[in-house]
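What follows is the content of entry35.cif, which has mmCIF, C-alpha atoms:
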```
data_upload
#
loop_
_atom_site.group_PDB
_atom_site.id
_atom_site.type_symbol
_atom_site.label_atom_id
_atom_site.label_comp_id
_atom_site.auth_asym_id
_atom_site.auth_seq_id
_atom_site.Cartn_x
_atom_site.Cartn_y
_atom_site.Cartn_z
ATOM 1 C CA MET D 1 107.734 120.578 108.084
ATOM 2 C CA ALA D 2 109.374 117.590 109.771
ATOM 3 C CA ALA D 3 111.472 119.929 111.954
ATOM 4 C CA ASN D 4 108.298 121.775 113.005
ATOM 5 C CA LYS D 5 106.986 118.420 114.260
ATOM 6 C CA GLY D 6 110.129 117.842 116.334
ATOM 7 C CA MET D 7 111.523 115.371 113.826
ATOM 8 C CA ILE D 8 114.921 115.147 112.198
ATOM 9 C CA THR D 9 115.658 114.131 108.630
ATOM 10 C CA LEU D 10 118.309 111.764 107.382
ATOM 11 C CA VAL D 11 119.360 112.524 103.791
ATOM 12 C CA VAL D 12 121.935 110.612 101.767
ATOM 13 C CA LEU D 13 123.402 112.406 98.760
ATOM 14 C CA LEU D 14 124.340 109.621 96.359
ATOM 15 C CA ASP D 15 126.979 110.269 93.739
ATOM 16 C CA TYR D 16 126.808 108.361 90.475
ATOM 17 C CA SER D 17 130.085 108.646 88.553
ATOM 18 C CA GLY D 18 129.494 109.317 84.879
ATOM 19 C CA ALA D 19 125.831 108.377 85.238
ATOM 20 C CA TYR D 20 124.869 109.257 81.679
ATOM 21 C CA ASP D 21 128.001 107.601 80.311
ATOM 22 C CA THR D 22 127.251 104.238 81.913
ATOM 23 C CA VAL D 23 123.660 103.732 80.728
ATOM 24 C CA ASP D 24 123.729 100.389 78.895
ATOM 25 C CA HIS D 25 121.707 100.557 75.674
ATOM 26 C CA SER D 26 120.517 96.941 75.832
ATOM 27 C CA VAL D 27 119.391 97.359 79.436
ATOM 28 C CA MET D 28 117.706 100.666 78.511
ATOM 29 C CA LEU D 29 115.647 98.939 75.813
ATOM 30 C CA GLU D 30 114.726 96.193 78.277
ATOM 31 C CA VAL D 31 113.594 98.796 80.847
ATOM 32 C CA LEU D 32 111.487 100.559 78.229
ATOM 33 C CA ASP D 33 109.873 97.251 77.290
ATOM 34 C CA GLN D 34 109.402 95.679 80.736
ATOM 35 C CA ARG D 35 108.617 98.715 82.904
ATOM 36 C CA PHE D 36 106.928 101.017 80.420
ATOM 37 C CA GLY D 37 105.514 98.739 77.701
ATOM 38 C CA VAL D 38 107.434 100.391 74.860
ATOM 39 C CA ARG D 39 107.166 97.865 72.032
ATOM 40 C CA GLY D 40 106.766 97.603 68.278
ATOM 41 C CA ASN D 41 107.616 100.675 66.212
ATOM 42 C CA MET D 42 108.265 102.793 69.310
ATOM 43 C CA SER D 43 110.812 100.241 70.506
ATOM 44 C CA LYS D 44 112.437 100.258 67.067
ATOM 45 C CA TRP D 45 112.640 104.054 67.178
ATOM 46 C CA HIS D 46 114.389 103.976 70.569
ATOM 47 C CA GLN D 47 116.677 101.218 69.318
ATOM 48 C CA SER D 48 117.664 103.277 66.272
ATOM 49 C CA TYR D 49 118.297 106.277 68.545
ATOM 50 C CA LEU D 50 120.576 104.285 70.864
ATOM 51 C CA HIS D 51 122.387 101.875 68.557
ATOM 52 C CA GLY D 52 124.998 102.721 65.975
ATOM 53 C CA ARG D 53 126.522 105.594 67.940
ATOM 54 C CA MET D 54 130.203 106.124 67.288
ATOM 55 C CA CYS D 55 132.823 108.126 69.140
ATOM 56 C CA SER D 56 136.283 109.407 68.293
ATOM 57 C CA VAL D 57 138.688 111.869 69.872
ATOM 58 C CA VAL D 58 140.312 114.824 68.134
ATOM 59 C CA ALA D 59 143.502 116.246 69.663
ATOM 60 C CA ASP D 60 146.174 118.398 68.059
ATOM 61 C CA GLY D 61 144.540 117.954 64.676
ATOM 62 C CA LEU D 62 144.678 114.152 64.874
ATOM 63 C CA THR D 63 141.568 111.980 65.045
ATOM 64 C CA SER D 64 141.459 108.600 66.762
ATOM 65 C CA ARG D 65 139.721 105.655 65.180
ATOM 66 C CA SER D 66 135.974 105.535 65.829
ATOM 67 C CA VAL D 67 134.581 103.072 68.314
ATOM 68 C CA ASN D 68 131.026 101.847 68.708
ATOM 69 C CA LEU D 69 129.248 103.027 71.864
ATOM 70 C CA ASP D 70 127.059 100.418 73.520
ATOM 71 C CA CYS D 71 126.384 102.709 76.453
ATOM 72 C CA SER D 72 125.881 106.421 77.199
ATOM 73 C CA LEU D 73 123.205 109.041 76.718
ATOM 74 C CA LEU D 74 123.577 112.612 75.536
ATOM 75 C CA GLN D 75 123.578 114.832 78.604
ATOM 76 C CA SER D 76 122.787 117.975 76.682
ATOM 77 C CA SER D 77 119.468 116.722 75.306
ATOM 78 C CA SER D 78 116.091 116.603 77.011
ATOM 79 C CA LEU D 79 115.669 113.097 75.570
ATOM 80 C CA GLY D 80 118.886 111.990 77.300
ATOM 81 C CA LEU D 81 117.569 113.351 80.619
ATOM 82 C CA LEU D 82 114.217 111.615 80.166
ATOM 83 C CA LYS D 83 115.867 108.333 79.193
ATOM 84 C CA TYR D 84 118.089 108.459 82.281
ATOM 85 C CA VAL D 85 115.102 109.064 84.567
ATOM 86 C CA LEU D 86 113.292 106.103 82.990
ATOM 87 C CA TYR D 87 116.437 103.964 83.209
ATOM 88 C CA ALA D 88 116.849 104.662 86.928
ATOM 89 C CA SER D 89 113.148 104.490 87.800
ATOM 90 C CA GLY D 90 113.484 101.061 89.426
ATOM 91 C CA VAL D 91 115.331 102.580 92.362
ATOM 92 C CA TYR D 92 112.095 104.321 93.476
ATOM 93 C CA GLU D 93 110.265 101.016 93.753
ATOM 94 C CA LEU D 94 113.233 99.554 95.592
ATOM 95 C CA THR D 95 113.502 102.311 98.206
ATOM 96 C CA GLY D 96 109.743 102.345 98.739
ATOM 97 C CA ARG D 97 110.099 98.858 100.247
ATOM 98 C CA PHE D 98 112.226 100.414 103.005
ATOM 99 C CA GLY D 99 109.830 103.307 103.656
ATOM 100 C CA ILE D 100 112.342 105.751 102.219
ATOM 101 C CA LYS D 101 111.420 108.801 100.175
ATOM 102 C CA MET D 102 113.466 109.601 97.088
ATOM 103 C CA LEU D 103 114.263 113.085 95.904
ATOM 104 C CA SER D 104 116.006 113.343 92.597
ATOM 105 C CA PHE D 105 116.693 115.437 89.584
ATOM 106 C CA ALA D 106 118.269 113.525 86.741
ATOM 107 C CA ASN D 107 121.275 111.738 88.239
ATOM 108 C CA ASN D 108 121.156 113.531 91.614
ATOM 109 C CA THR D 109 119.580 110.910 93.865
ATOM 110 C CA GLN D 110 118.748 111.563 97.506
ATOM 111 C CA PRO D 111 117.039 108.944 99.669
ATOM 112 C CA SER D 112 115.653 110.492 102.855
ATOM 113 C CA MET D 113 113.671 109.626 105.971
ATOM 114 C CA HIS D 114 111.975 111.744 108.644
ATOM 115 C CA LEU D 115 112.242 110.353 112.164
ATOM 116 C CA LEU D 116 112.025 111.007 115.858
ATOM 117 C CA VAL D 117 115.283 111.170 117.803
ATOM 118 C CA GLU D 118 114.454 107.968 119.683
ATOM 119 C CA ASP D 119 114.255 106.092 116.345
ATOM 120 C CA ILE D 120 117.767 106.979 115.148
ATOM 121 C CA ASP D 121 119.255 103.504 115.587
ATOM 122 C CA SER D 122 116.499 101.685 113.700
ATOM 123 C CA VAL D 123 116.425 104.316 110.936
ATOM 124 C CA LYS D 124 120.216 104.088 110.506
ATOM 125 C CA ARG D 125 119.856 100.315 110.073
ATOM 126 C CA ASP D 126 116.979 100.755 107.587
ATOM 127 C CA MET D 127 118.898 103.360 105.596
ATOM 128 C CA ALA D 128 122.048 101.213 105.560
ATOM 129 C CA ALA D 129 120.004 98.260 104.248
ATOM 130 C CA ALA D 130 118.400 100.504 101.634
ATOM 131 C CA ILE D 131 121.780 101.870 100.505
ATOM 132 C CA ALA D 132 123.111 98.310 100.224
ATOM 133 C CA ALA D 133 120.086 97.420 98.070
ATOM 134 C CA ILE D 134 120.567 100.586 95.964
ATOM 135 C CA SER D 135 124.229 99.692 95.503
ATOM 136 C CA SER D 136 123.353 96.180 94.356
ATOM 137 C CA TRP D 137 120.610 97.497 92.064
ATOM 138 C CA SER D 138 123.031 100.072 90.630
ATOM 139 C CA ARG D 139 125.617 97.403 89.805
ATOM 140 C CA SER D 140 122.983 95.277 88.071
ATOM 141 C CA TYR D 141 122.056 98.299 85.923
ATOM 142 C CA ARG D 142 125.742 99.095 85.373
ATOM 143 C CA LEU D 143 125.551 102.445 87.138
ATOM 144 C CA LYS D 144 128.611 103.385 89.187
ATOM 145 C CA LEU D 145 127.662 104.477 92.682
ATOM 146 C CA ASN D 146 130.634 106.354 94.118
ATOM 147 C CA ALA D 147 130.645 105.788 97.896
ATOM 148 C CA GLU D 148 133.597 108.150 98.457
ATOM 149 C CA LYS D 149 131.712 111.113 96.981
ATOM 150 C CA SER D 150 128.351 110.276 98.553
ATOM 151 C CA GLU D 151 127.396 112.201 101.696
ATOM 152 C CA VAL D 152 125.121 111.676 104.702
ATOM 153 C CA MET D 153 123.337 114.650 106.285
ATOM 154 C CA TRP D 154 121.219 114.951 109.406
ATOM 155 C CA LEU D 155 118.806 117.906 109.354
ATOM 156 C CA GLY D 156 116.718 119.314 112.197
ATOM 157 C CA THR D 157 116.400 122.064 114.770
ATOM 158 C CA LEU D 158 117.221 122.347 118.444
ATOM 159 C CA LYS D 159 114.221 121.868 120.704
ATOM 160 C CA ALA D 160 113.293 124.807 122.893
ATOM 161 C CA VAL D 161 113.936 124.073 126.579
#
```
Output the file's structure as structure tokens, nothing else.
Amino acid sequence: MAANKGMITLVVLLDYSGAYDTVDHSVMLEVLDQRFGVRGNMSKWHQSYLHGRMCSVVADGLTSRSVNLDCSLLQSSSLGLLKYVLYASGVYELTGRFGIKMLSFANNTQPSMHLLVEDIDSVKRDMAAAIAAISSWSRSYRLKLNAEKSEVMWLGTLKAV
């Protein structure tokens, strides 16, 4: 629709390395409490779901010692997907301050902006500032934004002469 209006779209494909593996359980519980008002017995249920998880590795018939996991969500469960979306929900509020739309599915996060060609310089500055803010936010939530695997795309059509 933006292309039909003579606009172009800037999309950034952000790559989070091991997104589900880096979700900090303590921070998750804080997000549930502060952003979504999950308290009391519901908070205790989420705490029991997250805490006490153990992990070991089996290779060639040998099993490593178990270690306690204080981060990670199960990727194969719908609850893990939902928890990740809730965990990362703050990034939507953040990017809204820059006038940037967010498209995402689970850990695939894509900030985007529609613009006129004459606004490219200012939009590049706004997007760069937004990405810097997303990067800072990601570090504070212990998510690993991988700049080398992230991509920038410009989308649009040629104008008829």
### Residue members of the PyMOL selection byres ((chain D and resi 53) around 8) in the file shown, as an MDAnalysis selection string
chainID D and resid 50:52 54:55 68:70
### Message
Going by the chain IDs and residue numbers used in this file, which residues fall under the PyMOL selection byres ((chain D and resi 119-132) around 9)? Write them as a PyMOL selection string.
### Response
chain D and resi 10+12+94-95+97-100+111-118+133-137
Pull out every residue that the PyMOL selection byres ((chain D and resi 1) around 12) matches in the shown coordinates and put them as a compact mmCIF listing (two decimals) with C-alpha atoms, in the coordinates of the input.
```
# COMPACT_ATOMS: atom_id res chain seq x y z
CA ALA D 2 109.37 117.59 109.77
CA ALA D 3 111.47 119.93 111.95
CA ASN D 4 108.30 121.78 113.00
CA LYS D 5 106.99 118.42 114.26
CA GLY D 6 110.13 117.84 116.33
CA MET D 7 111.52 115.37 113.83
CA ILE D 8 114.92 115.15 112.20
CA THR D 9 115.66 114.13 108.63
CA HIS D 114 111.98 111.74 108.64
CA LEU D 115 112.24 110.35 112.16
CA LEU D 155 118.81 117.91 109.35
CA GLY D 156 116.72 119.31 112.20
CA THR D 157 116.40 122.06 114.77
```
### Query
So how far away is CA of Thr22 in chain D from CA of Ser72 in chain D, in Å?
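Value for the CA of Ser72 in chain D-CA of Thr22 in chain D distance: 5.4 Å.
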### Task
Rounded to one decimal place, report the CA of Lys101 in chain D-CA of Ser17 in chain D distance in Å.
22.0 Å
### Message
If we draw a sphere of 8 Å around (115.8, 99.0, 88.5), which residues have at least one atom in it when counting only C-alpha atoms? Please report them as a ChimeraX atom specification.
### Response
/D:31,87-91,93-94,137-138,141
### Query
Between D:Asn41, D:Arg139, D:Asn107, D:Asp15, which one has atoms that come closest to Gln75 in chain D, using all atoms listed in the file?
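Selected residue with least distance to Gln75 in chain D: D:Asn107.
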## Note on the structure
Judged by all atoms listed in the file, the minimum distance to Arg35 in chain D among D:Leu86, D:Thr63, D:Tyr49, D:Leu13 is found for D:Leu86
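Between Leu74 in chain D and the residues D:Val38, D:Leu32, D:Val58, D:Val23, the shortest atom-to-atom distance, using all atoms listed in the file, involves D:Val23.
Residue nearest Lys144 in chain D, chosen from D:Tyr20, D:Leu29, D:Met102, D:Leu82 and counting all atoms listed in the file: D:Tyr20.
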Output range 68-84 of chain D with N, CA and C atoms present, as a short mmCIF file (atom, residue, chain, number, x, y, z; two decimals), in the frame of the given file.
```
data_model
loop_
_atom_site.label_atom_id
_atom_site.label_comp_id
_atom_site.auth_asym_id
_atom_site.auth_seq_id
_atom_site.Cartn_x
_atom_site.Cartn_y
_atom_site.Cartn_z
N ASN D 68 132.46 101.95 68.51
CA ASN D 68 131.03 101.85 68.71
C ASN D 68 130.71 102.04 70.19
N LEU D 69 129.67 102.80 70.48
CA LEU D 69 129.25 103.03 71.86
C LEU D 69 128.05 102.13 72.16
N ASP D 70 128.20 101.24 73.13
CA ASP D 70 127.06 100.42 73.52
C ASP D 70 126.45 100.92 74.83
N CYS D 71 126.96 102.06 75.28
CA CYS D 71 126.38 102.71 76.45
C CYS D 71 126.56 104.21 76.29
N SER D 72 125.85 104.97 77.09
CA SER D 72 125.88 106.42 77.20
C SER D 72 124.63 107.06 76.61
N LEU D 73 124.30 108.20 77.19
CA LEU D 73 123.20 109.04 76.72
C LEU D 73 123.74 110.46 76.59
N LEU D 74 123.17 111.22 75.68
CA LEU D 74 123.58 112.61 75.54
C LEU D 74 123.06 113.41 76.72
N GLN D 75 123.97 114.05 77.44
CA GLN D 75 123.58 114.83 78.60
C GLN D 75 122.93 116.15 78.22
N SER D 76 123.25 116.65 77.07
CA SER D 76 122.79 117.98 76.68
C SER D 76 121.41 117.95 76.04
N SER D 77 120.78 116.78 75.93
CA SER D 77 119.47 116.72 75.31
C SER D 77 118.40 116.39 76.32
N SER D 78 117.20 116.93 76.11
CA SER D 78 116.09 116.60 77.01
C SER D 78 115.74 115.13 76.90
N LEU D 79 115.94 114.52 75.74
CA LEU D 79 115.67 113.10 75.57
C LEU D 79 116.65 112.26 76.39
N GLY D 80 117.91 112.69 76.47
CA GLY D 80 118.89 111.99 77.30
C GLY D 80 118.49 112.04 78.76
N LEU D 81 118.03 113.20 79.24
CA LEU D 81 117.57 113.35 80.62
C LEU D 81 116.38 112.43 80.88
N LEU D 82 115.40 112.45 80.00
CA LEU D 82 114.22 111.62 80.17
C LEU D 82 114.60 110.14 80.17
N LYS D 83 115.45 109.73 79.25
CA LYS D 83 115.87 108.33 79.19
C LYS D 83 116.59 107.93 80.48
N TYR D 84 117.40 108.79 81.04
CA TYR D 84 118.09 108.46 82.28
C TYR D 84 117.08 108.28 83.42
#
```
